[in-house]
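Coordinates from protein.csv are shown below (CSV, C-alpha atoms).
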chain,number,residue,atom,x,y,z
I,1,MET,CA,-2.5,32.6,43.8
I,2,ARG,CA,-0.1,30.1,42.3
I,3,THR,CA,-0.8,26.4,43.0
I,4,LEU,CA,2.6,25.5,44.5
I,5,GLU,CA,2.5,28.4,47.0
I,6,PRO,CA,1.6,27.8,50.6
I,7,THR,CA,-2.0,28.2,51.8
I,8,LEU,CA,-3.7,27.7,55.1
I,9,ALA,CA,-5.5,24.6,53.7
I,10,LYS,CA,-2.1,23.0,52.9
I,11,TYR,CA,-0.8,23.5,56.4
I,12,PRO,CA,-3.6,22.8,58.9
I,13,ASN,CA,-1.1,21.5,61.4
I,14,PRO,CA,0.4,24.5,63.3
I,15,LEU,CA,3.8,22.8,63.9
I,16,LEU,CA,4.2,21.9,60.2
I,17,ARG,CA,3.1,25.4,59.3
I,18,TYR,CA,5.8,27.1,61.4
I,19,LEU,CA,8.4,24.5,60.3
I,20,ALA,CA,7.6,25.1,56.6
I,21,ALA,CA,7.8,28.9,57.1
I,22,THR,CA,11.5,28.6,57.9
I,23,ARG,CA,12.1,27.3,54.3
I,24,PRO,CA,13.9,24.1,55.5
I,25,ALA,CA,14.9,23.1,51.9
I,26,PHE,CA,17.2,26.1,51.7
I,27,LEU,CA,19.0,25.4,55.0
I,28,SER,CA,21.4,23.1,53.3
I,29,ILE,CA,23.9,25.9,52.6
I,30,THR,CA,24.3,26.4,56.4
I,31,LEU,CA,24.8,22.7,56.9
I,32,VAL,CA,27.6,22.7,54.2
I,33,ALA,CA,29.2,25.8,55.7
I,34,CYS,CA,29.3,24.1,59.1
I,35,LEU,CA,30.8,21.0,57.6
I,36,ILE,CA,33.5,23.1,55.9
I,37,GLY,CA,34.5,24.6,59.3
I,38,LEU,CA,34.5,21.2,61.0
I,39,ALA,CA,36.6,19.7,58.3
I,40,SER,CA,39.0,22.6,58.4
I,41,ALA,CA,39.6,21.9,62.1
I,42,HIS,CA,39.9,18.2,61.5
I,43,VAL,CA,42.6,18.5,58.8
I,44,SER,CA,44.6,20.6,61.2
I,45,GLY,CA,44.7,17.7,63.6
I,46,ILE,CA,42.1,18.9,66.0
I,47,PRO,CA,40.2,15.9,67.5
I,48,PHE,CA,36.6,15.7,66.3
I,49,GLN,CA,34.1,16.1,69.2
I,50,ALA,CA,30.7,14.9,68.0
I,51,GLY,CA,28.7,16.6,70.8
I,52,LYS,CA,30.1,20.1,70.1
I,53,ALA,CA,29.8,19.5,66.4
I,54,LEU,CA,26.1,18.6,66.6
I,55,ILE,CA,25.2,21.5,68.9
I,56,THR,CA,27.1,23.9,66.6
I,57,LEU,CA,25.3,22.5,63.5
I,58,PHE,CA,21.8,22.4,65.0
I,59,PHE,CA,21.9,26.0,66.3
I,60,ALA,CA,23.5,27.3,63.1
I,61,LEU,CA,20.5,25.8,61.3
I,62,VAL,CA,18.1,27.4,63.8
I,63,ALA,CA,19.8,30.8,63.3
I,64,HIS,CA,19.4,30.5,59.5
I,65,ALA,CA,15.8,29.5,60.0
I,66,GLY,CA,15.2,32.6,62.1
I,67,VAL,CA,16.9,34.9,59.5
I,68,ASN,CA,14.6,33.4,56.8
I,69,VAL,CA,11.5,34.2,58.8
I,70,ILE,CA,12.7,37.7,59.8
I,71,ASN,CA,13.6,38.4,56.2
I,72,ASP,CA,10.1,37.4,55.1
I,73,TYR,CA,8.6,39.6,57.8
I,74,TYR,CA,10.5,42.7,56.7
I,75,ASP,CA,9.9,42.1,53.0
I,76,TYR,CA,6.2,42.0,53.8
I,77,ARG,CA,6.5,45.2,55.7
I,78,MET,CA,8.1,46.8,52.7
I,79,GLY,CA,5.5,45.4,50.3
I,80,SER,CA,8.0,43.9,47.9
I,81,ASP,CA,6.6,40.4,48.1
I,82,ALA,CA,3.0,41.5,47.4
I,83,LYS,CA,4.2,43.6,44.4
I,84,ASN,CA,6.3,40.7,43.0
I,85,LEU,CA,4.5,39.4,39.9
I,86,GLU,CA,7.4,37.7,38.2
I,87,ARG,CA,8.6,35.5,41.1
I,88,ILE,CA,9.8,32.0,40.6
I,89,PHE,CA,8.4,30.1,43.6
I,90,PRO,CA,9.9,28.6,45.8
I,91,PHE,CA,13.2,30.3,44.8
I,92,THR,CA,12.3,33.9,44.7
I,93,GLY,CA,9.6,36.3,46.0
I,94,GLY,CA,9.8,35.1,49.6
I,95,SER,CA,8.1,32.2,51.3
I,96,ARG,CA,4.6,33.7,50.7
I,97,PHE,CA,3.5,32.6,54.1
I,98,ILE,CA,2.5,36.1,55.3
I,99,VAL,CA,1.3,37.3,51.9
I,100,ASN,CA,-1.0,34.3,51.5
I,101,GLY,CA,-2.3,34.5,55.0
I,102,VAL,CA,-0.8,31.2,56.3
I,103,LEU,CA,0.9,33.2,59.1
I,104,SER,CA,0.1,36.7,60.3
I,105,ALA,CA,2.8,39.3,60.2
I,106,LYS,CA,2.9,39.3,64.0
I,107,GLU,CA,3.1,35.6,64.2
I,108,ALA,CA,6.0,35.5,61.8
I,109,MET,CA,7.8,38.3,63.6
I,110,ILE,CA,7.5,36.7,67.0
I,111,PHE,CA,8.5,33.3,65.6
I,112,GLY,CA,11.6,34.7,63.8
I,113,TYR,CA,12.9,36.5,66.8
I,114,LEU,CA,12.2,33.6,69.1
I,115,LEU,CA,14.4,31.4,66.8
I,116,LEU,CA,17.2,34.0,66.9
I,117,LEU,CA,17.0,34.4,70.7
I,118,SER,CA,17.1,30.6,71.2
I,119,VAL,CA,20.6,30.6,69.7
I,120,ILE,CA,22.0,32.8,72.3
I,121,PRO,CA,22.1,30.3,75.3
I,122,ALA,CA,23.7,27.7,73.0
I,123,GLY,CA,26.2,30.3,71.9
I,124,PHE,CA,27.3,31.0,75.5
I,125,TRP,CA,27.6,27.2,76.2
I,126,LEU,CA,29.8,26.8,73.2
I,127,MET,CA,31.9,29.7,74.3
I,128,HIS,CA,32.3,28.0,77.7
I,129,VAL,CA,33.5,24.8,76.1
I,130,SER,CA,35.7,26.4,73.4
I,131,ALA,CA,36.9,30.0,74.0
I,132,ASP,CA,35.5,33.6,74.5
I,133,GLY,CA,36.4,34.7,70.9
I,134,LEU,CA,33.4,32.8,69.7
I,135,PHE,CA,31.2,35.6,71.0
I,136,TRP,CA,32.5,38.0,68.3
I,137,ILE,CA,32.1,35.4,65.6
I,138,GLY,CA,28.5,34.6,66.6
I,139,LEU,CA,27.7,38.3,67.0
I,140,ALA,CA,29.0,39.1,63.5
I,141,GLY,CA,26.9,36.2,62.0
I,142,LEU,CA,23.7,37.1,63.7
I,143,PHE,CA,24.1,40.8,62.9
I,144,ALA,CA,24.8,40.2,59.3
I,145,GLY,CA,21.7,37.9,59.0
I,146,TRP,CA,19.4,40.3,60.9
I,147,ALA,CA,20.6,43.6,59.4
I,148,TYR,CA,20.3,42.2,55.9
I,149,SER,CA,16.6,43.0,55.9
I,150,ALA,CA,15.8,44.7,59.3
I,151,PRO,CA,15.7,48.4,59.8
I,152,PRO,CA,17.5,50.7,60.3
I,153,PHE,CA,20.3,48.9,58.4
I,154,ARG,CA,18.4,47.0,55.6
I,155,PHE,CA,21.6,46.2,53.7
I,156,MET,CA,19.6,44.6,50.9
I,157,CYS,CA,17.9,48.0,50.2
I,158,ARG,CA,21.2,49.8,50.1
I,159,GLY,CA,22.8,47.6,47.5
I,160,ILE,CA,25.1,46.0,50.0
I,161,GLY,CA,23.2,42.9,50.8
I,162,GLU,CA,25.8,40.8,49.0
I,163,PRO,CA,28.6,41.6,51.4
I,164,ALA,CA,26.3,40.8,54.3
I,165,ILE,CA,25.6,37.4,52.8
I,166,TYR,CA,29.3,36.7,52.3
I,167,VAL,CA,30.0,37.6,55.9
I,168,GLY,CA,27.1,35.5,57.2
I,169,TRP,CA,28.2,32.3,55.5
I,170,ALA,CA,32.0,32.8,55.9
I,171,VAL,CA,31.4,33.3,59.6
I,172,ILE,CA,29.6,30.0,59.9
I,173,ALA,CA,32.6,28.1,58.6
I,174,ILE,CA,34.9,30.2,60.8
I,175,GLY,CA,32.7,29.7,63.8
I,176,ALA,CA,32.4,25.9,63.4
I,177,ASP,CA,36.2,25.6,63.1
I,178,PHE,CA,36.6,27.9,66.2
I,179,VAL,CA,34.3,25.7,68.3
I,180,MET,CA,36.6,22.7,67.6
I,181,ARG,CA,39.9,24.5,67.6
I,182,GLY,CA,39.3,27.0,70.5
I,183,ASP,CA,41.2,29.7,68.7
I,184,PHE,CA,41.2,31.8,65.5
I,185,SER,CA,42.8,30.4,62.3
I,186,ALA,CA,43.0,31.6,58.8
I,187,GLN,CA,42.3,28.2,57.3
I,188,PRO,CA,38.5,28.2,57.7
I,189,TRP,CA,38.5,31.6,56.0
I,190,PHE,CA,40.4,30.3,53.0
I,191,ALA,CA,38.1,27.2,52.9
I,192,GLY,CA,34.9,29.0,53.5
I,193,THR,CA,35.3,32.1,51.3
I,194,PRO,CA,34.8,30.3,47.9
I,195,PHE,CA,31.6,28.7,49.3
I,196,ALA,CA,30.3,31.9,50.8
I,197,LEU,CA,30.8,33.7,47.4
I,198,LEU,CA,28.8,31.0,45.7
I,199,VAL,CA,26.1,31.5,48.3
I,200,VAL,CA,26.2,35.2,47.4
I,201,ASN,CA,25.4,34.2,43.8
I,202,ILE,CA,22.3,32.3,45.0
I,203,LEU,CA,20.9,35.5,46.6
I,204,TYR,CA,22.1,37.5,43.7
I,205,ILE,CA,20.5,35.6,40.8
I,206,ASN,CA,17.3,35.4,42.8
I,207,GLN,CA,17.0,39.1,42.7
I,208,PHE,CA,16.6,39.2,38.9
I,209,PRO,CA,13.0,37.9,38.9
I,210,ASP,CA,12.2,40.0,41.9
I,211,ARG,CA,13.7,43.3,40.6
I,212,LYS,CA,10.4,44.9,39.4
I,213,GLY,CA,8.6,44.1,42.7
I,214,ASP,CA,11.6,45.3,44.7
I,215,ALA,CA,11.9,48.5,42.7
I,216,ALA,CA,8.1,49.2,43.2
I,217,ALA,CA,8.5,48.8,46.9
I,218,GLY,CA,11.6,51.0,47.2
I,219,LYS,CA,13.9,48.0,47.8
I,220,ARG,CA,17.0,49.2,46.0
I,221,THR,CA,18.9,46.0,45.6
I,222,LEU,CA,22.1,45.9,43.5
I,223,ILE,CA,20.2,44.6,40.5
I,224,VAL,CA,17.7,47.5,40.8
I,225,ARG,CA,20.6,50.0,41.1
I,226,LEU,CA,22.7,48.6,38.2
I,227,GLY,CA,20.0,47.5,35.9
I,228,THR,CA,20.0,44.0,34.3
I,229,GLU,CA,22.4,44.9,31.5
I,230,ARG,CA,25.3,45.6,33.8
I,231,ALA,CA,24.2,43.5,36.8
I,232,ARG,CA,24.2,40.2,34.9
I,233,TRP,CA,28.0,40.3,34.5
I,234,LEU,CA,28.6,40.5,38.2
I,235,TYR,CA,27.3,37.0,38.7
I,236,LEU,CA,30.1,35.7,36.4
I,237,LEU,CA,32.7,37.8,38.1
I,238,ILE,CA,31.7,36.4,41.5
I,239,ALA,CA,31.9,32.9,40.3
I,240,VAL,CA,35.3,33.4,38.6
I,241,PHE,CA,36.6,34.9,41.8
I,242,ALA,CA,35.2,32.1,44.0
I,243,TYR,CA,36.9,29.3,42.1
I,244,GLY,CA,40.0,31.4,41.4
I,245,PHE,CA,40.3,32.1,45.1
I,246,LEU,CA,40.0,28.4,46.0
I,247,LEU,CA,42.7,27.3,43.5
I,248,CYS,CA,45.0,30.1,44.5
I,249,ALA,CA,44.6,29.1,48.2
I,250,VAL,CA,45.6,25.5,47.2
I,251,ALA,CA,48.5,26.7,45.1
I,252,LEU,CA,49.8,28.9,48.0
I,253,ASN,CA,49.5,26.0,50.4
I,254,LYS,CA,46.8,27.7,52.4
I,255,LEU,CA,44.7,24.6,51.8
I,256,PRO,CA,45.6,21.0,51.1
I,257,VAL,CA,45.6,20.1,47.4
I,258,TYR,CA,42.5,17.9,47.8
I,259,ALA,CA,40.5,20.9,48.7
I,260,ALA,CA,40.7,21.9,45.0
I,261,ALA,CA,37.9,19.4,44.5
I,262,GLY,CA,35.6,22.3,45.3
I,263,ALA,CA,36.3,23.5,41.8
I,264,PHE,CA,34.4,20.5,40.3
I,265,ALA,CA,31.3,22.6,40.5
I,266,LEU,CA,32.7,25.2,38.1
I,267,PRO,CA,30.7,24.0,35.0
I,268,LEU,CA,27.4,24.4,37.0
I,269,SER,CA,28.2,28.0,37.8
I,270,PHE,CA,29.4,28.9,34.3
I,271,SER,CA,26.4,27.3,32.6
I,272,ALA,CA,24.1,29.3,35.0
I,273,ALA,CA,26.1,32.4,34.2
I,274,ARG,CA,25.6,31.7,30.5
I,275,ASP,CA,21.8,31.5,31.0
I,276,LEU,CA,21.8,34.7,33.1
I,277,LEU,CA,23.7,36.6,30.5
I,278,ALA,CA,21.1,35.5,27.9
I,279,TYR,CA,17.9,35.8,29.9
I,280,ALA,CA,18.5,38.4,32.6
I,281,ASP,CA,15.4,40.3,31.3
I,282,THR,CA,13.3,37.2,31.0
I,283,PRO,CA,12.7,35.9,34.6
I,284,ALA,CA,10.6,32.9,33.5
I,285,ARG,CA,13.7,31.5,31.7
I,286,LEU,CA,16.0,31.7,34.8
I,287,THR,CA,14.6,28.7,36.7
I,288,ASN,CA,17.2,26.3,35.6
I,289,ALA,CA,20.0,28.8,36.1
I,290,ILE,CA,18.8,29.4,39.7
I,291,LYS,CA,18.7,25.6,40.3
I,292,ARG,CA,22.2,25.2,39.0
I,293,THR,CA,23.4,28.1,41.1
I,294,ILE,CA,22.1,26.4,44.3
I,295,LEU,CA,23.5,23.1,43.2
I,296,ALA,CA,26.9,24.6,42.4
I,297,ALA,CA,27.2,26.1,45.9
I,298,ASN,CA,26.3,22.8,47.6
I,299,VAL,CA,28.4,20.6,45.3
I,300,SER,CA,31.4,22.9,45.6
I,301,GLY,CA,31.1,23.1,49.4
I,302,LEU,CA,30.6,19.3,49.9
I,303,ALA,CA,33.5,18.6,47.5
I,304,THR,CA,35.7,20.9,49.6
I,305,VAL,CA,34.6,19.1,52.8
I,306,LEU,CA,35.5,15.7,51.3
I,307,GLY,CA,38.8,17.1,50.0
I,308,LEU,CA,39.7,18.4,53.5
I,309,TRP,CA,38.6,15.2,55.1
I,310,ALA,CA,40.7,13.1,52.7
I,311,ALA,CA,43.7,15.3,53.4
I,312,ALA,CA,43.3,14.6,57.1
Just give me the structure as structure tokens.
Amino acid sequence: MRTLEPTLAKYPNPLLRYLAATRPAFLSITLVACLIGLASAHVSGIPFQAGKALITLFFALVAHAGVNVINDYYDYRMGSDAKNLERIFPFTGGSRFIVNGVLSAKEAMIFGYLLLLSVIPAGFWLMHVSADGLFWIGLAGLFAGWAYSAPPFRFMCRGIGEPAIYVGWAVIAIGADFVMRGDFSAQPWFAGTPFALLVVNILYINQFPDRKGDAAAGKRTLIVRLGTERARWLYLLIAVFAYGFLLCAVALNKLPVYAAAGAFALPLSFSAARDLLAYADTPARLTNAIKRTILAANVSGLATVLGLWAAA
């Protein structure tokens, strides 16, 4: 067992144990997606309502935490985490909480589903104070997160996990905007799509160190299906499309010009792509590329938020 990985001795306190199992360090992408949606509504002249914003943000984080735990549970059921010998913890190979005996599989399953169920009452309250259309947005987000790893869908095993990730994080931005606006608008989709695509690249690059364990467990991710020689180029294409989409949205007046600040993260994505192209078959050398990929998504998203807020 690797020294940085969780053990029961490291988490004697049950509350801290369950909290850590949600992988809180990785919830920042949901925070940023919510902020994009809130900023999108604000730049449209919608009055900012702190109470609704905080409830939206908190339960979006709870939903993401639940999806993280559920994903770990179903990965454990498939055996992919146990077979993963080239993982780069804490970024790839799962949280290791079940595999290392910190939580039992049953405990993780119950906890994950309780987190997801706890979001439902908050969702109905937000529908009441905004509009009924929020139901479909919330349903799409929860379904995409759950079906990513849960049977019978298991999108990740069918090579279509990436579209599910895109939908999940684009929907968060759209939903946060909807709560404030009380109606559908194209603007949060234009603002949220580049960020959601950069989140897709986080999950995508993480699958390279995991590919052998995934293949051994029958988890047919896109990297397993394409092979590293072809799959490595898709990361660069996703990054190019993300930043290109953002700049085109600004050029077409779908977003204010200040939103182009999101493209400031482009060097981070391209340097990570350079490393992936060089080291796709050498997982141990991808650590810095993975870190830059995570940083690129967060920096781009936050810069977009600041740009939207400045335009307001």
- Message: Would you compute the distance between CA of Val167 in chain I and CA of Gly301 in chain I? Give it in Å to one decimal.
- Response: 15.9 Å
- Task: Please provide the set of residues having any atom within 9 Å of Ala21 in chain I, restricted to all atoms listed in the file, with same-chain residues fewer than 5 positions apart removed, written as a list in words.
- Result: Leu16, Ala65, Asn68, Val69, Ser95, Arg96, Phe97, Val102, Leu103 and Ala108 of chain I
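The residue that comes closest to Asp281 in chain I, out of I:Asp132, I:Asp81, I:Asp72, I:Glu86 and on the basis of all atoms listed in the file, is I:Glu86.
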- Message: When you look at Tyr258 in chain I with a cut-off of 9 Å (counting all atoms listed in the file), what residues show up, excluding the ones that are within fewer than 2 positions of it in the same chain? I need them as a PyMOL selection string.
- Response: chain I and resi 250+255-256+260-262+304+306-311
- Cys34 in chain I: which residues within 10 Å, counting only C-alpha atoms, same-chain residues fewer than 4 positions away excluded, as an MDAnalysis selection string? chainID I and resid 28:30 38:40 53:54 56:58 60:61 169:177 192 301 305
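When all atoms listed in the file are used to compute distances to Ala147 in chain I, the closest of the residues I:Tyr74, I:Phe89, I:Phe135, I:Phe195 turns out to be I:Tyr74.
Residue nearest Ile36 in chain I within the list I:Leu302, I:Leu15, I:Ile137, I:Ala186: I:Leu302 [criterion: smallest interatomic distance, only C-alpha atoms].
Residues in contact range of Val240 in chain I, defined as at most 9 Å between only C-alpha atoms, with sequence neighbours fewer than 3 positions away removed, read I:Tyr235, I:Leu236, I:Leu237, I:Tyr243, I:Gly244, I:Phe245, I:Leu266, I:Ser269, I:Phe270.
Of the residues listed (I:Met180, I:Ala312, I:Phe91, I:Ala303), I:Phe91 shows the shortest atom-to-atom separation from Ala25 in chain I; distances use all atoms listed in the file.
Of the residues under consideration (I:Asn84, I:Thr293, I:Thr193, I:Gln187), I:Thr193 shows the shortest atom-to-atom contact distance to Ala33 in chain I when counting all atoms listed in the file.
What separates CA of Lys291 in chain I from CA of Tyr166 in chain I is a distance of 19.5 Å.
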- Pairwise distance for CA of Leu277 in chain I and CA of Ile202 in chain I, rounded to one decimal in Å: 15.2 Å
- For Gly138 in chain I, please output as a list of chain:residue names all residues within 10 Å (counting only C-alpha atoms; exclusion window: fewer than 2 positions along the same chain). I:Ala60, I:Val119, I:Ile120, I:Gly123, I:Phe124, I:Met127, I:Gly133, I:Leu134, I:Phe135, I:Trp136, I:Ala140, I:Gly141, I:Leu142, I:Phe143, I:Ala144, I:Gly168, I:Val171, I:Ile172, I:Ile174, I:Gly175
